[in-house]
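Q: My questions all concern the structure below.
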Amino acid sequence: MLPEAVALAHLNGDLHYHDLDYHPYQPMTNCCLIDFKTMFKLGFKIGNAEVDSPKSIQTATAQMAQIIANVASSQYGGCSADRIDEVLAPYAQLNYEKHLKLAEDWIPDTTQHHDFATARTKKDIYDAMQSLEYEINTLYTSQGQTPFTTLGFGLGTSWIEREIQRAILKVRLGGIGKEQRTAIFPKLVFSLKRGVNLAPKDPNYDIKELAVRCATKRMYPDVLMYDKLVELTGSFKAPMGCRSFLQGWWDEHGQEINAGRMNLGVVTLNLPRIALESQTLNEFWQQLEGKLEIARQALCYRIERVKEAKPFNAPILYQHGAFGRKLSRDGKVDDLFRDKRATISLGYIGLYEVATRFFGPDWETDQESKAFTIDIVKKLYQHTQDWGNQYGYHFSVYATPSESLTDRFCRLDLERFGSVPDITDKGYYMNSFHYDVRKKPTPFDKIDFEAAYPPYSSGGFIHYCEYPNMVQNPKALEAVWDFAYDRVGYLGTNTPIDKCFECGYEGDFNPTERGFECPYCKNRNPETCDVVKRTCGYLGNPQARPMVAGRHKEIVARQKHLTIRIKSSDKGPDPADDKEV
């Protein structure tokens with residue numbers, strides 16, 4: 001089905017046409033931000049059921065789980081609930097009003113009415129968020145997997161919105177089941193914003209402290225930096241699943257629209273392959289132009305194939321509101337894609353290996369070498385801007401997570417070029433623009449190094465820092481979050497949280513050829529241990545779902561970055577004030 005040049009480029013490893021198990025066989029979209037707010041407000045249809053607007057937060061979260069299951073079965077990528085605390089707050093308010101009426105009917109002392117209604121509502125909120133977490137983790141879509149779901153929250157300041165935020169974090173801290181395992185889904189993304197929750201004087205600072213504590217124990221939440229994200233993408237919103245970001249978009253009425261928009265797919269270039277085939281930098285740039293032309297054909301084909309869908313192929317998306325507009329049964333799905341409402345992404349992998357080919361393995365501290373890698377991403381960005389203006393869709397540059405691709409490209413290039421030191425000999429390629437995982441910069445140095453790339457790669461990005469156990473040192477993690485606020489838009493926490501239920505060990509399991517095992521009792525039975533690693537943007541349990549060999553090698557190679565211990569201080573969110581390295 002693919003254009004011949006695209007098919008050949010995929011087969012020989014020049015590029016990767018993602019998700020071939022779904023697309024182009026089916027005209028499916030990739031990932032999205034579901035328009036829960038409008039669906040709840042106006043009602044919607046699933047299957048044969050006409051669903052009315054929810055009358056409580058418990059009903060709203062139950063409906064949310066059903067929508068997620070249906071959307072995930074109608075596309076192949078992740079789906080996100082953006083600003084969930086603000087979306088669910090009106091339905092928790094209905095709980096409060098019901099409990100207040102009950103108090104008025106049965107409690108003579110009017111001074112107790114508010115306290116009674118508030119306490120009951122807080123219990124309802126916690127129960128609803130706990131049910132949502134369990135429902136998402138027990139769902140299986142028609143694709144045979146748990147929906148790749150992300151919840152964005154953190155900006156609401158009313159007492160109900162704050163309580164929803166608190167409940168999300170407390171539920172995650174509590175774990176899943178009697179053994180209190182770390183939940184893999186939903187991915188939690190907490191929003192930081194100056195004046196809301198960043199500094200001790202901000203009204204929601206206590207929620208931030210809870211989020212930090214949760215991240216030290218469960219790795220999630222990742223954090224979004226409000227001001228930087230607006231600068232990078234044009235508006236604030238959660239990622240569509242792992243790391244794919246919509247760009248700012250306004251409709252014909254001048255209204256900013258984020259929820260209900262989507263991504264149409266990804267094609268990733270094998271940048272190390274181009275470098276290995278080139279003897280000089282000039283040759284690299286010439287080769288890159290040729291590969292970009294094939295990538296353009298691949299992306300245009302993805303668009304054309306998705307446009308062939310009919311609304312009745314995926315009613316929840318096109319007819320019943322998940323994509324923000326309700327089309328007729330025979331309407332044009334392209335009405336939801338064109339005019340840059342949807343994104344289509346050009347991915348890339350292996351900037352580290354490209355620069356290593358020309359400048360050696362320790363190039364990160366050399367400004368000329370780094371400028372070369374930035375120029376590569378700029379070149380991709382310039383081409384996507386030109387394509388967007390030509391075709392009317394938002395072509396974006398995407399820092400590919402490469403869960404399996406990090407293995408495939410390297411394996412193919414090892415067969416073609418042999419063992420090349422610090423390139424193919426590692427058994428994996430580095431994700432996108434990330435700092436070499438084998439090295440040990442401080443978290444601050446790593447963030448500063450990587451901050452130069454997302455301005456040209458705003459269609460998808462995330463930064464990580466690797467830590468030892470942080471449970472006893474949450475202020476150190478908070479200092480890194482604060483340092484990152486004005487530098488990067490999206491930051492994840494990687495810290496050891498493996499647990500053995502046989503001997504009680506908590507920390508980092510040892511990697512072996514047969515999987516990860518407890519360093520004390522050698523247990524690797526997934527029934528009696530909980531191993532959680534960040535495989536790409538999402539967390540994964542490699543005992544339950546084994547990863548490809550290249551990703552396993554990359555995780556094993558990761559070095560912990562230097563930690564910091566923070567003095568007690570009220571000087572604010574600038575770690576330069578009070579950190580000790």
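Ligands are numbered from 1 in the order shown, chains are lettered A, B, ... in the order of the structure tokens, and residues start at 1 in each chain.
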Please list as a list in words every residue within 6 Å of region 324-338 of chain A, counting only C-alpha atoms and excluding residues in the same chain fewer than 4 positions away.

A: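 Here the qualifying residues turn out to be Asp35, Gly260, Lys307, Pro311, Phe312, Tyr318, Gln319, His320, Ala342, Gly392 and Tyr393 of chain A.
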
Q: Residues near region 225-233 of chain A, anyone? I mean within 10 Å using only C-alpha atoms, not counting same-chain ones fewer than 3 positions away, as an mmCIF file with C-alpha atoms, in the first residue's frame.

A:
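Output below, filename part-v9.cif:
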```cif
data_model
loop_
_atom_site.group_PDB
_atom_site.id
_atom_site.type_symbol
_atom_site.label_atom_id
_atom_site.label_comp_id
_atom_site.auth_asym_id
_atom_site.auth_seq_id
_atom_site.Cartn_x
_atom_site.Cartn_y
_atom_site.Cartn_z
ATOM 1 C CA LEU A 155 -3.805 24.562 37.531
ATOM 2 C CA PHE A 190 1.350 17.833 36.818
ATOM 3 C CA SER A 191 1.342 21.459 35.670
ATOM 4 C CA LEU A 192 3.618 23.974 37.351
ATOM 5 C CA LYS A 193 2.815 27.661 36.990
ATOM 6 C CA ARG A 194 4.383 30.710 38.586
ATOM 7 C CA LEU A 198 5.721 27.077 42.046
ATOM 8 C CA PHE A 236 -0.652 25.407 27.154
ATOM 9 C CA LYS A 237 -1.925 21.858 27.031
ATOM 10 C CA ALA A 238 -1.002 18.338 28.142
ATOM 11 C CA PHE A 245 2.304 18.109 21.553
ATOM 12 C CA LEU A 246 -0.272 20.038 19.614
ATOM 13 C CA GLN A 247 0.714 23.500 18.488
ATOM 14 C CA GLY A 248 -1.363 26.571 19.378
ATOM 15 C CA TRP A 249 -4.452 26.805 17.148
ATOM 16 C CA PRO A 454 12.754 21.735 21.753
ATOM 17 C CA PRO A 455 12.341 25.196 20.147
ATOM 18 C CA TYR A 456 12.843 23.375 16.815
ATOM 19 C CA SER A 457 11.217 20.138 17.959
ATOM 20 C CA SER A 458 8.010 21.348 19.557
ATOM 21 C CA GLY A 459 5.861 18.593 18.052
ATOM 22 C CA GLY A 460 7.113 16.216 20.713
ATOM 23 C CA TRP A 481 11.923 21.060 39.008
ATOM 24 C CA ASP A 482 12.359 24.711 39.948
ATOM 25 C CA ALA A 484 13.951 23.519 34.960
ATOM 26 C CA TYR A 485 10.907 25.800 35.062
ATOM 27 C CA ASP A 486 12.276 28.579 32.836
ATOM 28 C CA ARG A 487 14.471 26.255 30.765
ATOM 29 C CA VAL A 488 12.449 23.269 29.507
ATOM 30 C CA GLY A 489 8.761 22.565 28.975
ATOM 31 C CA TYR A 490 8.386 18.957 30.093
ATOM 32 C CA LEU A 491 10.427 17.007 32.642
#
```

Q: Using only C-alpha atoms, which residue out of A:Tyr520, A:Phe40, A:Tyr464, A:Phe153 lies closest to Leu477 (chain A)?

A: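 Checking each candidate against Leu477 (chain A), we get A:Tyr464 as the closest.
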
Q: Can you work out which one of A:Tyr428, A:Tyr96, A:Tyr352, A:Tyr91 has the shortest atom-to-atom distance to Ala119 (chain A), counting only C-alpha atoms?

A: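 Closest residue, counting only C-alpha atoms: A:Tyr96.
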
Q: Enumerate the residues of region 155-278 of chain A with a DSSP assignment of helix (DSSP H, G or I), computed from the backbone, and present them as a VMD selection string.

A: chain A and resid 159 to 174 205 to 218 226 to 233 271 to 277

Q: Using only C-alpha atoms, which protein or nucleic acid residues come within 7 Å of Asn70 (chain A)? Drop anything in the same chain fewer than 4 positions from it, and give the result as JSON, numbers by chain.

A: {"A": [66, 74, 316]}

Q: Keeping only C-alpha atoms, write the selected residues as a compact mmCIF listing (two decimals), in the first residue's frame.

A:
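What ended up in out20.txt:
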```txt
# COMPACT_ATOMS: atom_id res chain seq x y z
CA GLN A 66 -15.81 4.32 28.93
CA SER A 74 -10.63 3.61 17.44
CA ILE A 316 -16.83 8.07 19.05
```

Q: Between region 123-227 of chain A and region 75-82 of chain A, at 6 Å or less, what are the per-residue closest atom pairs and their distances in Å? Count only C-alpha atoms, order by chain and rising residue number, and return it as a Markdown table.

A:
```
| residue | atom | partner | partner_atom | distance |
| --- | --- | --- | --- | --- |
| A:Phe148 | CA | A:Gly78 | CA | 4.7 |
| A:Thr149 | CA | A:Cys79 | CA | 5.2 |
| A:Thr150 | CA | A:Ser80 | CA | 4.5 |
| A:Leu151 | CA | A:Ala81 | CA | 5.0 |
| A:Gly152 | CA | A:Asp82 | CA | 4.7 |
```

Q: Go ahead and write the residues just picked, C-alpha atoms, as a PDB file, in the first residue's frame.

A:
```pdb
ATOM      1  CA  PHE A 148      -2.189   4.442  26.829  1.00  0.00           C
ATOM      2  CA  THR A 149      -3.762   7.207  28.869  1.00  0.00           C
ATOM      3  CA  THR A 150      -2.449  10.498  30.271  1.00  0.00           C
ATOM      4  CA  LEU A 151      -4.107  12.767  32.845  1.00  0.00           C
ATOM      5  CA  GLY A 152      -3.040  16.423  32.941  1.00  0.00           C
TER       6      GLY A 152
END
```

Q: Would you mind listing what lies within 10 Å of Asp448 (chain A) as JSON, numbers by chain, with only C-alpha atoms counted and same-chain residues fewer than 2 positions away left out?

A: {"A": [442, 443, 444, 445, 446, 450, 451, 452, 483, 484, 487, 488]}

Q: I need the strand (DSSP E or B) residues of region 178-284 of chain A per DSSP on the backbone, written as a list in words.

A: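 Here are the strand (DSSP E or B) residues of region 178-284 of chain A: Arg181, Lys187, Leu188, Val189, Phe190, Ser191, Leu192, Asp222, Val223, Leu224, Met225, Ser244, Trp250, Glu256, Met262, Asn263, Leu264, Gly265, Val266, Val267, Thr268, Leu269 and Asn270 of chain A.
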
Q: Contacts of Thr424 (chain A) at 9 Å or less, counting only C-alpha atoms, minus same-chain residues fewer than 2 places along, as a PyMOL selection string?

A: chain A and resi 353+410-411+413-414+417-422+426-429

Q: Using only C-alpha atoms, which residue out of A:Leu269, A:Ile57, A:Ile107, A:Ile84 lies closest to Ala128 (chain A)?

A: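 When distances to Ala128 (chain A) are compared using only C-alpha atoms, the smallest one comes from A:Ile57.
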
Q: Using only C-alpha atoms, which of A:His114, A:His253, A:Lys123, A:Arg551 sits nearest Thr406 (chain A)?

A: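 Using only C-alpha atoms, the shortest distance to Thr406 (chain A) belongs to A:Arg551.
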
Q: Excluding Asp202 (chain A) and residues on its chain fewer than 3 positions from it, collect all residues at most 12 Å away from it, counting only C-alpha atoms, and give them as a ChimeraX atom specification.

A: /A:155,157,192-199,205-209,572-573

Q: Take the residues just selected and output them with N, CA, C and O atoms as a compact mmCIF listing (two decimals), in the first residue's frame.

A:
```txt
# COMPACT_ATOMS: atom_id res chain seq x y z
N LEU A 155 -3.66 23.11 37.62
CA LEU A 155 -3.81 24.56 37.53
C LEU A 155 -5.05 25.10 38.25
O LEU A 155 -5.14 26.29 38.49
N THR A 157 -7.57 26.24 41.10
CA THR A 157 -7.29 26.81 42.42
C THR A 157 -8.50 26.81 43.36
O THR A 157 -8.37 27.19 44.52
N LEU A 192 3.05 22.94 36.49
CA LEU A 192 3.62 23.97 37.35
C LEU A 192 3.39 25.34 36.70
O LEU A 192 3.57 25.50 35.49
N LYS A 193 3.02 26.31 37.52
CA LYS A 193 2.82 27.66 36.99
C LYS A 193 3.18 28.67 38.06
O LYS A 193 2.73 28.58 39.21
N ARG A 194 3.99 29.63 37.67
CA ARG A 194 4.38 30.71 38.59
C ARG A 194 3.13 31.47 39.03
O ARG A 194 2.29 31.84 38.23
N GLY A 195 3.02 31.66 40.34
CA GLY A 195 1.85 32.34 40.89
C GLY A 195 0.74 31.39 41.30
O GLY A 195 -0.20 31.78 42.00
N VAL A 196 0.82 30.12 40.87
CA VAL A 196 -0.19 29.12 41.23
C VAL A 196 0.38 28.10 42.22
O VAL A 196 -0.20 27.87 43.28
N ASN A 197 1.52 27.50 41.89
CA ASN A 197 2.03 26.43 42.75
C ASN A 197 3.55 26.32 42.78
O ASN A 197 4.08 25.38 43.37
N LEU A 198 4.28 27.24 42.18
CA LEU A 198 5.72 27.08 42.05
C LEU A 198 6.48 27.40 43.33
O LEU A 198 7.39 26.67 43.73
N ALA A 199 6.12 28.48 43.99
CA ALA A 199 6.87 28.97 45.16
C ALA A 199 6.05 28.81 46.44
O ALA A 199 4.83 28.69 46.39
N TYR A 205 0.95 25.65 46.52
CA TYR A 205 2.29 25.11 46.76
C TYR A 205 2.22 23.78 47.51
O TYR A 205 3.04 22.88 47.27
N ASP A 206 1.25 23.61 48.39
CA ASP A 206 1.13 22.35 49.12
C ASP A 206 0.85 21.18 48.19
O ASP A 206 1.31 20.05 48.43
N ILE A 207 0.12 21.44 47.09
CA ILE A 207 -0.13 20.37 46.13
C ILE A 207 1.16 20.02 45.40
O ILE A 207 1.44 18.85 45.12
N LYS A 208 1.96 21.03 45.09
CA LYS A 208 3.26 20.75 44.47
C LYS A 208 4.11 19.87 45.37
O LYS A 208 4.77 18.93 44.90
N GLU A 209 4.14 20.16 46.67
CA GLU A 209 4.93 19.35 47.60
C GLU A 209 4.46 17.89 47.58
O GLU A 209 5.27 16.96 47.62
N GLY A 572 12.75 30.70 48.14
CA GLY A 572 11.99 30.64 46.90
C GLY A 572 12.51 29.57 45.96
O GLY A 572 13.33 28.74 46.32
N PRO A 573 12.00 29.58 44.72
CA PRO A 573 12.22 28.45 43.82
C PRO A 573 13.53 28.46 43.06
O PRO A 573 13.72 27.65 42.20
```

Q: Between A:Ala5, A:Cys214, A:Ala479, A:Leu317, which is the closest to Thr495 (chain A) once you count only C-alpha atoms?

A: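 Residue with the minimum atom-to-atom distance to Thr495 (chain A): A:Cys214.
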
Q: Report as JSON, numbers by chain all protein, DNA and RNA residues lying within 8 Å of Ile136 (chain A), evaluated on only C-alpha atoms, omitting residues in the same chain fewer than 3 positions from it.

A: {"A": [65, 132, 133, 139, 146, 147, 149, 185, 186]}

Q: Taking all heavy atoms for each residue, export the selection above as a JSON list (two decimals), in the first residue's frame.

A:
```json
[["chain", "number", "residue", "atom", "x", "y", "z"],
["A", 65, "ALA", "N", -13.91, 6.77, 31.79],
["A", 65, "ALA", "CA", -13.27, 5.48, 31.52],
["A", 65, "ALA", "C", -13.86, 4.82, 30.28],
["A", 65, "ALA", "O", -13.12, 4.25, 29.47],
["A", 65, "ALA", "CB", -13.41, 4.56, 32.73],
["A", 132, "LEU", "N", -11.38, 5.64, 38.90],
["A", 132, "LEU", "CA", -10.86, 5.92, 37.56],
["A", 132, "LEU", "C", -9.51, 5.24, 37.36],
["A", 132, "LEU", "O", -9.26, 4.64, 36.30],
["A", 132, "LEU", "CB", -10.74, 7.43, 37.35],
["A", 132, "LEU", "CG", -10.21, 7.86, 35.98],
["A", 132, "LEU", "CD1", -11.16, 7.41, 34.86],
["A", 132, "LEU", "CD2", -10.04, 9.38, 35.93],
["A", 133, "GLU", "N", -8.63, 5.32, 38.35],
["A", 133, "GLU", "CA", -7.32, 4.68, 38.23],
["A", 133, "GLU", "C", -7.46, 3.18, 38.05],
["A", 133, "GLU", "O", -6.81, 2.57, 37.19],
["A", 133, "GLU", "CB", -6.46, 5.00, 39.45],
["A", 133, "GLU", "CG", -5.11, 4.31, 39.42],
["A", 133, "GLU", "CD", -3.96, 5.26, 39.78],
["A", 133, "GLU", "OE1", -3.92, 6.36, 39.23],
["A", 133, "GLU", "OE2", -3.13, 4.88, 40.60],
["A", 139, "LEU", "N", -8.95, -1.95, 32.05],
["A", 139, "LEU", "CA", -9.51, -1.92, 30.69],
["A", 139, "LEU", "C", -8.60, -2.65, 29.72],
["A", 139, "LEU", "O", -7.37, -2.60, 29.84],
["A", 139, "LEU", "CB", -9.68, -0.48, 30.21],
["A", 139, "LEU", "CG", -10.80, 0.37, 30.81],
["A", 139, "LEU", "CD1", -10.70, 1.79, 30.28],
["A", 139, "LEU", "CD2", -12.16, -0.23, 30.49],
["A", 146, "THR", "N", -3.93, -2.30, 27.61],
["A", 146, "THR", "CA", -4.47, -1.22, 28.41],
["A", 146, "THR", "C", -4.33, 0.10, 27.64],
["A", 146, "THR", "O", -3.29, 0.34, 27.04],
["A", 146, "THR", "CB", -3.70, -1.12, 29.74],
["A", 146, "THR", "OG1", -3.81, -2.36, 30.43],
["A", 146, "THR", "CG2", -4.27, 0.00, 30.60],
["A", 147, "PRO", "N", -5.36, 0.93, 27.63],
["A", 147, "PRO", "CA", -5.26, 2.20, 26.90],
["A", 147, "PRO", "C", -4.10, 3.05, 27.40],
["A", 147, "PRO", "O", -3.92, 3.22, 28.60],
["A", 147, "PRO", "CB", -6.60, 2.89, 27.19],
["A", 147, "PRO", "CG", -7.53, 1.79, 27.54],
["A", 147, "PRO", "CD", -6.70, 0.76, 28.23],
["A", 149, "THR", "N", -2.98, 6.06, 28.42],
["A", 149, "THR", "CA", -3.76, 7.21, 28.87],
["A", 149, "THR", "C", -2.91, 8.16, 29.70],
["A", 149, "THR", "O", -2.08, 7.73, 30.50],
["A", 149, "THR", "CB", -4.95, 6.74, 29.73],
["A", 149, "THR", "OG1", -5.65, 5.69, 29.05],
["A", 149, "THR", "CG2", -5.91, 7.88, 30.01],
["A", 185, "PHE", "N", -0.49, 2.92, 34.29],
["A", 185, "PHE", "CA", -1.40, 3.90, 33.69],
["A", 185, "PHE", "C", -2.43, 4.31, 34.73],
["A", 185, "PHE", "O", -2.72, 3.57, 35.66],
["A", 185, "PHE", "CB", -2.11, 3.29, 32.47],
["A", 185, "PHE", "CG", -1.19, 3.02, 31.33],
["A", 185, "PHE", "CD1", -0.82, 1.73, 31.00],
["A", 185, "PHE", "CD2", -0.67, 4.06, 30.58],
["A", 185, "PHE", "CE1", 0.05, 1.48, 29.95],
["A", 185, "PHE", "CE2", 0.19, 3.82, 29.53],
["A", 185, "PHE", "CZ", 0.55, 2.53, 29.21],
["A", 186, "PRO", "N", -2.99, 5.51, 34.58],
["A", 186, "PRO", "CA", -2.65, 6.51, 33.59],
["A", 186, "PRO", "C", -1.34, 7.24, 33.92],
["A", 186, "PRO", "O", -0.96, 7.33, 35.08],
["A", 186, "PRO", "CB", -3.83, 7.48, 33.65],
["A", 186, "PRO", "CG", -4.30, 7.39, 35.06],
["A", 186, "PRO", "CD", -4.10, 5.95, 35.45]]
```

Q: Here is a test: counting only C-alpha atoms, which residue of A:Arg261, A:Arg302, A:His18, A:Lys122 is nearest to Lys340 (chain A)?

A: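 Comparing A:Arg261, A:Arg302, A:His18, A:Lys122 against Lys340 (chain A), the winner is A:Arg261.
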
Q: Work out how far apart CA of Gly550 (chain A) and CA of Asp508 (chain A) are and give it in Å to one decimal.

A: 19.3 Å
